[in-house]
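> So I've got this file, model.txt, and it contains compact mmCIF, N, CA and C atoms:
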# COMPACT_ATOMS: atom_id res chain seq x y z
N MET A 1074 363.91 77.53 97.21
CA MET A 1074 362.93 77.55 96.15
C MET A 1074 362.06 78.81 96.23
N LEU A 1075 361.70 79.18 97.45
CA LEU A 1075 360.88 80.37 97.64
C LEU A 1075 361.62 81.63 97.21
N ARG A 1076 362.94 81.66 97.46
CA ARG A 1076 363.75 82.81 97.06
C ARG A 1076 363.79 82.95 95.55
N VAL A 1077 363.91 81.83 94.85
CA VAL A 1077 363.95 81.85 93.38
C VAL A 1077 362.62 82.38 92.83
N ALA A 1078 361.51 81.93 93.40
CA ALA A 1078 360.19 82.40 92.95
C ALA A 1078 360.02 83.89 93.23
N ALA A 1079 360.46 84.33 94.41
CA ALA A 1079 360.33 85.75 94.76
C ALA A 1079 361.21 86.60 93.85
N LEU A 1080 362.41 86.12 93.52
CA LEU A 1080 363.29 86.84 92.62
C LEU A 1080 362.68 86.94 91.23
N GLY A 1081 362.06 85.86 90.77
CA GLY A 1081 361.41 85.86 89.45
C GLY A 1081 360.26 86.85 89.38
N ILE A 1082 359.46 86.89 90.43
CA ILE A 1082 358.33 87.82 90.47
C ILE A 1082 358.83 89.26 90.51
N ALA A 1083 359.84 89.53 91.32
CA ALA A 1083 360.39 90.88 91.42
C ALA A 1083 360.99 91.32 90.09
N LEU A 1084 361.71 90.42 89.44
CA LEU A 1084 362.32 90.74 88.15
C LEU A 1084 361.25 91.00 87.09
N GLY A 1085 360.20 90.20 87.07
CA GLY A 1085 359.11 90.39 86.12
C GLY A 1085 358.38 91.70 86.35
N ALA A 1086 358.14 92.04 87.60
CA ALA A 1086 357.45 93.29 87.92
C ALA A 1086 358.29 94.50 87.52
N SER A 1087 359.59 94.43 87.75
CA SER A 1087 360.44 95.57 87.38
C SER A 1087 360.53 95.71 85.86
N THR A 1088 360.52 94.59 85.15
CA THR A 1088 360.54 94.65 83.69
C THR A 1088 359.26 95.28 83.16
N LEU A 1089 358.12 94.88 83.69
CA LEU A 1089 356.85 95.46 83.26
C LEU A 1089 356.75 96.94 83.61
N ALA A 1090 357.25 97.30 84.75
CA ALA A 1090 357.22 98.71 85.15
C ALA A 1090 358.09 99.55 84.22
N GLY A 1091 359.22 99.02 83.81
CA GLY A 1091 360.11 99.74 82.90
C GLY A 1091 359.50 99.90 81.52
N CYS A 1092 358.79 98.89 81.05
CA CYS A 1092 358.18 98.95 79.72
C CYS A 1092 356.96 99.86 79.70
N SER A 1093 356.24 99.95 80.80
CA SER A 1093 355.02 100.74 80.79
C SER A 1093 355.29 102.24 80.70
N HIS A 1094 356.50 102.67 81.04
CA HIS A 1094 356.82 104.09 80.98
C HIS A 1094 357.59 104.46 79.72
N SER A 1095 357.78 103.51 78.81
CA SER A 1095 358.51 103.77 77.59
C SER A 1095 357.69 104.67 76.67
N ALA A 1096 358.35 105.59 76.00
CA ALA A 1096 357.67 106.50 75.08
C ALA A 1096 357.69 105.95 73.65
N TYR A 1097 358.19 104.72 73.46
CA TYR A 1097 358.30 104.13 72.14
C TYR A 1097 357.67 102.74 72.12
N ALA A 1098 357.21 102.32 70.95
CA ALA A 1098 356.65 100.99 70.75
C ALA A 1098 357.10 100.47 69.40
N VAL A 1099 357.23 99.17 69.27
CA VAL A 1099 357.58 98.54 67.99
C VAL A 1099 356.29 98.03 67.37
N ARG A 1100 355.99 98.51 66.14
CA ARG A 1100 354.77 98.12 65.45
C ARG A 1100 355.07 97.84 63.99
N SER A 1101 354.20 97.09 63.35
CA SER A 1101 354.40 96.78 61.93
C SER A 1101 354.11 98.03 61.10
N VAL A 1102 354.77 98.11 59.95
CA VAL A 1102 354.61 99.26 59.05
C VAL A 1102 353.16 99.37 58.59
N SER A 1103 352.52 98.24 58.31
CA SER A 1103 351.13 98.28 57.83
C SER A 1103 350.19 98.86 58.88
N SER A 1104 350.38 98.53 60.15
CA SER A 1104 349.50 99.08 61.18
C SER A 1104 349.79 100.56 61.44
N ILE A 1105 351.05 100.96 61.33
CA ILE A 1105 351.39 102.38 61.49
C ILE A 1105 350.70 103.19 60.39
N ALA A 1106 350.80 102.72 59.15
CA ALA A 1106 350.19 103.43 58.02
C ALA A 1106 348.67 103.47 58.16
N ALA A 1107 348.07 102.34 58.51
CA ALA A 1107 346.61 102.28 58.65
C ALA A 1107 346.11 103.21 59.75
N ASP A 1108 346.82 103.28 60.84
CA ASP A 1108 346.41 104.14 61.96
C ASP A 1108 346.52 105.62 61.64
N ASN A 1109 347.28 105.98 60.61
CA ASN A 1109 347.50 107.39 60.28
C ASN A 1109 346.65 107.90 59.12
N VAL A 1110 345.76 107.07 58.58
CA VAL A 1110 344.85 107.53 57.54
C VAL A 1110 343.91 108.56 58.16
N GLY A 1111 343.79 109.72 57.53
CA GLY A 1111 342.95 110.80 58.04
C GLY A 1111 343.69 111.75 58.98
N LYS A 1112 344.95 111.45 59.26
CA LYS A 1112 345.74 112.29 60.16
C LYS A 1112 346.83 113.01 59.37
N PRO A 1113 347.48 114.01 59.95
CA PRO A 1113 348.52 114.75 59.22
C PRO A 1113 349.69 113.86 58.80
N VAL A 1114 350.21 114.10 57.61
CA VAL A 1114 351.33 113.32 57.09
C VAL A 1114 352.59 113.53 57.93
N SER A 1115 352.65 114.60 58.67
CA SER A 1115 353.82 114.87 59.52
C SER A 1115 354.05 113.76 60.54
N ARG A 1116 352.98 113.06 60.93
CA ARG A 1116 353.13 111.94 61.86
C ARG A 1116 353.93 110.81 61.23
N LEU A 1117 353.69 110.56 59.94
CA LEU A 1117 354.45 109.52 59.24
C LEU A 1117 355.89 109.98 59.02
N GLN A 1118 356.09 111.27 58.75
CA GLN A 1118 357.44 111.78 58.58
C GLN A 1118 358.23 111.65 59.89
N GLU A 1119 357.57 111.82 61.01
CA GLU A 1119 358.23 111.65 62.29
C GLU A 1119 358.61 110.18 62.51
N ALA A 1120 357.75 109.26 62.08
CA ALA A 1120 358.00 107.83 62.28
C ALA A 1120 359.04 107.27 61.32
N PHE A 1121 359.03 107.73 60.05
CA PHE A 1121 359.89 107.13 59.02
C PHE A 1121 360.98 108.04 58.48
N GLY A 1122 361.00 109.29 58.90
CA GLY A 1122 362.00 110.23 58.39
C GLY A 1122 361.54 110.85 57.09
N ASP A 1123 362.47 111.49 56.40
CA ASP A 1123 362.13 112.13 55.14
C ASP A 1123 361.80 111.10 54.07
N PRO A 1124 360.77 111.36 53.26
CA PRO A 1124 360.44 110.41 52.19
C PRO A 1124 361.52 110.39 51.11
N ARG A 1125 361.59 109.28 50.40
CA ARG A 1125 362.54 109.15 49.30
C ARG A 1125 362.16 110.06 48.14
N LYS A 1126 360.84 110.26 47.97
CA LYS A 1126 360.37 111.06 46.85
C LYS A 1126 358.98 111.61 47.17
N ILE A 1127 358.68 112.81 46.63
CA ILE A 1127 357.34 113.40 46.75
C ILE A 1127 356.91 113.86 45.36
N ASP A 1128 355.82 113.30 44.85
CA ASP A 1128 355.22 113.73 43.59
C ASP A 1128 354.02 114.60 43.91
N GLN A 1129 353.92 115.76 43.25
CA GLN A 1129 352.84 116.70 43.56
C GLN A 1129 351.96 116.96 42.34
N THR A 1130 350.65 116.94 42.58
CA THR A 1130 349.68 117.41 41.60
C THR A 1130 348.87 118.51 42.28
N SER A 1131 347.90 119.06 41.60
CA SER A 1131 347.13 120.17 42.17
C SER A 1131 346.22 119.73 43.31
N THR A 1132 345.80 118.46 43.32
CA THR A 1132 344.85 118.01 44.35
C THR A 1132 345.44 117.06 45.38
N LYS A 1133 346.50 116.34 45.02
CA LYS A 1133 347.08 115.41 45.99
C LYS A 1133 348.58 115.27 45.79
N TRP A 1134 349.24 114.83 46.85
CA TRP A 1134 350.67 114.58 46.82
C TRP A 1134 350.88 113.09 47.09
N LEU A 1135 351.93 112.53 46.51
CA LEU A 1135 352.27 111.13 46.73
C LEU A 1135 353.64 111.08 47.39
N TYR A 1136 353.67 110.63 48.63
CA TYR A 1136 354.92 110.46 49.37
C TYR A 1136 355.36 109.00 49.23
N VAL A 1137 356.66 108.78 49.01
CA VAL A 1137 357.18 107.42 48.86
C VAL A 1137 358.33 107.22 49.84
N TRP A 1138 358.21 106.19 50.66
CA TRP A 1138 359.28 105.80 51.58
C TRP A 1138 359.77 104.41 51.20
N PHE A 1139 361.08 104.20 51.27
CA PHE A 1139 361.64 102.85 51.14
C PHE A 1139 362.18 102.46 52.51
N LEU A 1140 361.73 101.33 53.01
CA LEU A 1140 362.13 100.85 54.32
C LEU A 1140 362.98 99.59 54.15
N PRO A 1141 364.31 99.71 54.23
CA PRO A 1141 365.17 98.55 54.01
C PRO A 1141 364.99 97.50 55.10
N GLU A 1142 365.12 96.25 54.70
CA GLU A 1142 364.97 95.13 55.62
C GLU A 1142 365.87 94.00 55.14
N LYS A 1143 366.44 93.26 56.05
CA LYS A 1143 367.29 92.11 55.72
C LYS A 1143 366.60 90.86 56.25
N PRO A 1144 365.78 90.20 55.42
CA PRO A 1144 365.09 88.98 55.86
C PRO A 1144 366.08 87.84 56.12
N ALA A 1145 365.76 87.00 57.06
CA ALA A 1145 366.60 85.85 57.37
C ALA A 1145 366.68 84.92 56.16
N GLY A 1146 367.88 84.50 55.81
CA GLY A 1146 368.08 83.57 54.70
C GLY A 1146 368.04 84.21 53.32
N ALA A 1147 367.87 85.50 53.25
CA ALA A 1147 367.80 86.18 51.95
C ALA A 1147 369.20 86.36 51.37
N PRO A 1148 369.33 86.22 50.07
CA PRO A 1148 370.64 86.47 49.44
C PRO A 1148 370.99 87.96 49.52
N THR A 1149 372.24 88.27 49.29
CA THR A 1149 372.66 89.67 49.27
C THR A 1149 371.91 90.40 48.17
N GLY A 1150 371.44 91.59 48.48
CA GLY A 1150 370.71 92.34 47.47
C GLY A 1150 369.80 93.38 48.07
N PHE A 1151 368.87 93.84 47.27
CA PHE A 1151 367.97 94.93 47.59
C PHE A 1151 366.67 94.35 48.13
N HIS A 1152 366.45 94.47 49.45
CA HIS A 1152 365.24 93.93 50.07
C HIS A 1152 364.62 95.00 50.95
N GLY A 1153 363.30 95.04 51.01
CA GLY A 1153 362.63 96.00 51.88
C GLY A 1153 361.17 96.16 51.50
N CYS A 1154 360.61 97.25 51.96
CA CYS A 1154 359.20 97.54 51.76
C CYS A 1154 359.09 98.97 51.24
N GLU A 1155 358.33 99.16 50.18
CA GLU A 1155 358.09 100.51 49.68
C GLU A 1155 356.66 100.90 50.06
N MET A 1156 356.54 102.06 50.68
CA MET A 1156 355.24 102.55 51.11
C MET A 1156 354.92 103.83 50.34
N GLU A 1157 353.79 103.82 49.64
CA GLU A 1157 353.30 105.01 48.92
C GLU A 1157 352.09 105.54 49.68
N VAL A 1158 352.14 106.81 50.02
CA VAL A 1158 351.08 107.44 50.80
C VAL A 1158 350.49 108.60 50.00
N THR A 1159 349.18 108.58 49.78
CA THR A 1159 348.48 109.67 49.09
C THR A 1159 348.00 110.67 50.12
N VAL A 1160 348.31 111.95 49.88
CA VAL A 1160 348.02 113.02 50.83
C VAL A 1160 347.23 114.12 50.14
N ASP A 1161 346.21 114.64 50.82
CA ASP A 1161 345.44 115.78 50.30
C ASP A 1161 346.34 117.01 50.26
N ALA A 1162 346.40 117.69 49.10
CA ALA A 1162 347.31 118.82 48.93
C ALA A 1162 346.96 120.00 49.83
N ARG A 1163 345.69 120.20 50.11
CA ARG A 1163 345.29 121.36 50.92
C ARG A 1163 345.44 121.11 52.42
N SER A 1164 344.93 119.98 52.91
CA SER A 1164 344.93 119.74 54.35
C SER A 1164 346.18 119.02 54.85
N GLN A 1165 346.93 118.41 53.93
CA GLN A 1165 348.12 117.61 54.27
C GLN A 1165 347.77 116.42 55.16
N HIS A 1166 346.55 115.87 55.00
CA HIS A 1166 346.12 114.69 55.72
C HIS A 1166 346.22 113.47 54.80
N VAL A 1167 346.53 112.33 55.38
CA VAL A 1167 346.71 111.08 54.63
C VAL A 1167 345.35 110.59 54.13
N LEU A 1168 345.27 110.31 52.83
CA LEU A 1168 344.05 109.79 52.22
C LEU A 1168 344.09 108.27 52.13
N GLY A 1169 345.26 107.70 51.91
CA GLY A 1169 345.39 106.25 51.78
C GLY A 1169 346.85 105.87 51.59
N TYR A 1170 347.11 104.59 51.51
CA TYR A 1170 348.48 104.10 51.38
C TYR A 1170 348.49 102.77 50.64
N SER A 1171 349.65 102.40 50.13
CA SER A 1171 349.86 101.06 49.57
C SER A 1171 351.27 100.62 49.93
N LEU A 1172 351.43 99.32 50.11
CA LEU A 1172 352.72 98.73 50.46
C LEU A 1172 353.13 97.76 49.37
N SER A 1173 354.41 97.78 49.00
CA SER A 1173 354.95 96.87 47.99
C SER A 1173 356.15 96.14 48.55
N ASN A 1174 356.14 94.82 48.42
CA ASN A 1174 357.29 94.01 48.85
C ASN A 1174 358.40 94.15 47.81
N ILE A 1175 359.62 94.38 48.27
CA ILE A 1175 360.78 94.47 47.38
C ILE A 1175 361.72 93.33 47.75
N GLY A 1176 362.11 92.54 46.75
CA GLY A 1176 363.00 91.41 47.02
C GLY A 1176 362.31 90.36 47.87
N TRP A 1177 363.01 89.84 48.88
CA TRP A 1177 362.48 88.78 49.72
C TRP A 1177 361.71 89.30 50.92
N SER A 1178 361.57 90.57 51.05
CA SER A 1178 360.89 91.13 52.23
C SER A 1178 359.39 90.97 52.12
N ASN A 1179 358.76 90.94 53.29
CA ASN A 1179 357.31 90.91 53.38
C ASN A 1179 356.92 92.11 54.24
N CYS A 1180 356.16 93.03 53.68
CA CYS A 1180 355.83 94.28 54.39
C CYS A 1180 355.12 94.03 55.71
N ARG A 1181 354.38 92.92 55.81
CA ARG A 1181 353.71 92.63 57.09
C ARG A 1181 354.72 92.37 58.20
N ASP A 1182 355.92 91.90 57.83
CA ASP A 1182 356.93 91.56 58.83
C ASP A 1182 357.87 92.72 59.16
N VAL A 1183 357.83 93.81 58.38
CA VAL A 1183 358.72 94.94 58.60
C VAL A 1183 358.16 95.75 59.77
N GLU A 1184 359.00 95.97 60.77
CA GLU A 1184 358.57 96.71 61.96
C GLU A 1184 359.45 97.94 62.16
N ARG A 1185 358.88 98.95 62.78
CA ARG A 1185 359.61 100.16 63.11
C ARG A 1185 359.26 100.59 64.50
N ARG A 1186 360.20 101.24 65.15
CA ARG A 1186 359.98 101.78 66.49
C ARG A 1186 359.40 103.18 66.31
N ILE A 1187 358.24 103.41 66.93
CA ILE A 1187 357.58 104.71 66.80
C ILE A 1187 357.35 105.31 68.18
N ARG A 1188 357.23 106.60 68.17
CA ARG A 1188 356.93 107.33 69.41
C ARG A 1188 355.43 107.22 69.69
N VAL A 1189 355.07 106.93 70.92
CA VAL A 1189 353.67 106.85 71.30
C VAL A 1189 353.35 107.96 72.28
N ALA A 1190 352.09 108.32 72.32
CA ALA A 1190 351.67 109.39 73.24
C ALA A 1190 351.78 108.91 74.68
N GLU A 1191 352.25 109.78 75.53
CA GLU A 1191 352.34 109.45 76.95
C GLU A 1191 351.02 109.78 77.61
N ARG A 1192 350.66 108.97 78.60
CA ARG A 1192 349.37 109.16 79.28
C ARG A 1192 349.53 109.99 80.51
Would you give me this structure, written as structure tokens?

Amino acid sequence: MLRVAALGIALGASTLAGCSHSAYAVRSVSSIAADNVGKPVSRLQEAFGDPRKIDQTSTKWLYVWFLPEKPAGAPTGFHGCEMEVTVDARSQHVLGYSLSNIGWSNCRDVERRIRVAER
């Protein structure tokens, strides 16, 4: 019994040690977008790749990403989350964002793996 407990503790410690040095984290799309308001849009491009579309005016740009998702129990079709991000044209910093559910997806449930700063 003592060996089983010691093995469990050792396995748990090695798992935690492996996770603490990871350069990536899984977070919801809404928290990623909220954390990047006021920061350069390049951070979102790094997290989500190239946007599907960019609309430009003289004062602001609108970046649009579609994030596909396959919800459990959803019929075959077009499901995901659309994220629209407003960016200042001069500074290229994020001013705000909006999320739209497409199909059976719920944007709060859509998660992405992002790179985190190492300490």
> Can you list, as a PyMOL selection string, every protein, DNA or RNA residue that comes within 8 Å of stretch 1113-1122 of chain A when you count only N, CA and C atoms, leaving out same-chain residues fewer than 2 positions away?
chain A and resi 1105-1106+1109-1111+1124-1125+1138+1160-1161+1164-1168+1185-1188
> Put those residues in a file: N, CA and C atoms, as a JSON list (two decimals), in the coordinates of the input.

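Final output, part-v1.json:
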[["chain", "number", "residue", "atom", "x", "y", "z"],
["A", 1105, "ILE", "N", 351.05, 100.96, 61.33],
["A", 1105, "ILE", "CA", 351.39, 102.38, 61.49],
["A", 1105, "ILE", "C", 350.70, 103.19, 60.39],
["A", 1106, "ALA", "N", 350.80, 102.72, 59.15],
["A", 1106, "ALA", "CA", 350.19, 103.43, 58.02],
["A", 1106, "ALA", "C", 348.67, 103.47, 58.16],
["A", 1109, "ASN", "N", 347.28, 105.98, 60.61],
["A", 1109, "ASN", "CA", 347.50, 107.39, 60.28],
["A", 1109, "ASN", "C", 346.65, 107.90, 59.12],
["A", 1110, "VAL", "N", 345.76, 107.07, 58.58],
["A", 1110, "VAL", "CA", 344.85, 107.53, 57.54],
["A", 1110, "VAL", "C", 343.91, 108.56, 58.16],
["A", 1111, "GLY", "N", 343.79, 109.72, 57.53],
["A", 1111, "GLY", "CA", 342.95, 110.80, 58.04],
["A", 1111, "GLY", "C", 343.69, 111.75, 58.98],
["A", 1124, "PRO", "N", 360.77, 111.36, 53.26],
["A", 1124, "PRO", "CA", 360.44, 110.41, 52.19],
["A", 1124, "PRO", "C", 361.52, 110.39, 51.11],
["A", 1125, "ARG", "N", 361.59, 109.28, 50.40],
["A", 1125, "ARG", "CA", 362.54, 109.15, 49.30],
["A", 1125, "ARG", "C", 362.16, 110.06, 48.14],
["A", 1138, "TRP", "N", 358.21, 106.19, 50.66],
["A", 1138, "TRP", "CA", 359.28, 105.80, 51.58],
["A", 1138, "TRP", "C", 359.77, 104.41, 51.20],
["A", 1160, "VAL", "N", 348.31, 111.95, 49.88],
["A", 1160, "VAL", "CA", 348.02, 113.02, 50.83],
["A", 1160, "VAL", "C", 347.23, 114.12, 50.14],
["A", 1161, "ASP", "N", 346.21, 114.64, 50.82],
["A", 1161, "ASP", "CA", 345.44, 115.78, 50.30],
["A", 1161, "ASP", "C", 346.34, 117.01, 50.26],
["A", 1164, "SER", "N", 344.93, 119.98, 52.91],
["A", 1164, "SER", "CA", 344.93, 119.74, 54.35],
["A", 1164, "SER", "C", 346.18, 119.02, 54.85],
["A", 1165, "GLN", "N", 346.93, 118.41, 53.93],
["A", 1165, "GLN", "CA", 348.12, 117.61, 54.27],
["A", 1165, "GLN", "C", 347.77, 116.42, 55.16],
["A", 1166, "HIS", "N", 346.55, 115.87, 55.00],
["A", 1166, "HIS", "CA", 346.12, 114.69, 55.72],
["A", 1166, "HIS", "C", 346.22, 113.47, 54.80],
["A", 1167, "VAL", "N", 346.53, 112.33, 55.38],
["A", 1167, "VAL", "CA", 346.71, 111.08, 54.63],
["A", 1167, "VAL", "C", 345.35, 110.59, 54.13],
["A", 1168, "LEU", "N", 345.27, 110.31, 52.83],
["A", 1168, "LEU", "CA", 344.05, 109.79, 52.22],
["A", 1168, "LEU", "C", 344.09, 108.27, 52.13],
["A", 1185, "ARG", "N", 358.88, 98.95, 62.78],
["A", 1185, "ARG", "CA", 359.61, 100.16, 63.11],
["A", 1185, "ARG", "C", 359.26, 100.59, 64.50],
["A", 1186, "ARG", "N", 360.20, 101.24, 65.15],
["A", 1186, "ARG", "CA", 359.98, 101.78, 66.49],
["A", 1186, "ARG", "C", 359.40, 103.18, 66.31],
["A", 1187, "ILE", "N", 358.24, 103.41, 66.93],
["A", 1187, "ILE", "CA", 357.58, 104.71, 66.80],
["A", 1187, "ILE", "C", 357.35, 105.31, 68.18],
["A", 1188, "ARG", "N", 357.23, 106.60, 68.17],
["A", 1188, "ARG", "CA", 356.93, 107.33, 69.41],
["A", 1188, "ARG", "C", 355.43, 107.22, 69.69]]
> Using all atoms listed in the file, which of A:Trp1134, A:Lys1143, A:Gly1150, A:Gly1176 sits nearest A:Ala1162?
A:Trp1134
> Measure the distance from atom C of A:Asn1174 to atom N of A:Ser1101 in Å and round it to one decimal.
16.4 Å
> Mind checking DSSP for stretch 1120-1187 of chain A and telling me the strand (DSSP E) residues as a count of residues only?
35
> Have a look at A:Asp1108, A:Leu1140, A:Gly1169, A:Trp1177 and name the one nearest to A:Asp1123; count only C-alpha atoms.
A:Leu1140
> For the atom pair atom CA of A:Arg1181 and atom N of A:Gln1129, what is the interatomic distance in Å to one decimal place?
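Here the two named atoms are 27.0 Å from each other.
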> Closest to A:Val1183 among A:Ala1107, A:Phe1151, A:Pro1141, A:Lys1126, using all atoms listed in the file?
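Of all the options, A:Pro1141 lies closest to A:Val1183.
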> What is the distance, in Å and to one decimal place, between atom CA of A:Tyr1170 and atom C of A:Ala1096?
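Going from atom CA of A:Tyr1170 over to atom C of A:Ala1096, I get 24.2 Å.
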> Would you please work out which residue, of A:Glu1142, A:Asp1182, A:Ile1127, A:Ile1175, is nearest to A:Arg1100 when using only N, CA and C atoms?
A:Asp1182
> I'd like to know which of A:Val1158, A:Ala1145, A:Val1137, A:Val1102 is closest to A:Cys1180, using only C-alpha atoms.
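Of all the options, A:Val1102 lies closest to A:Cys1180.
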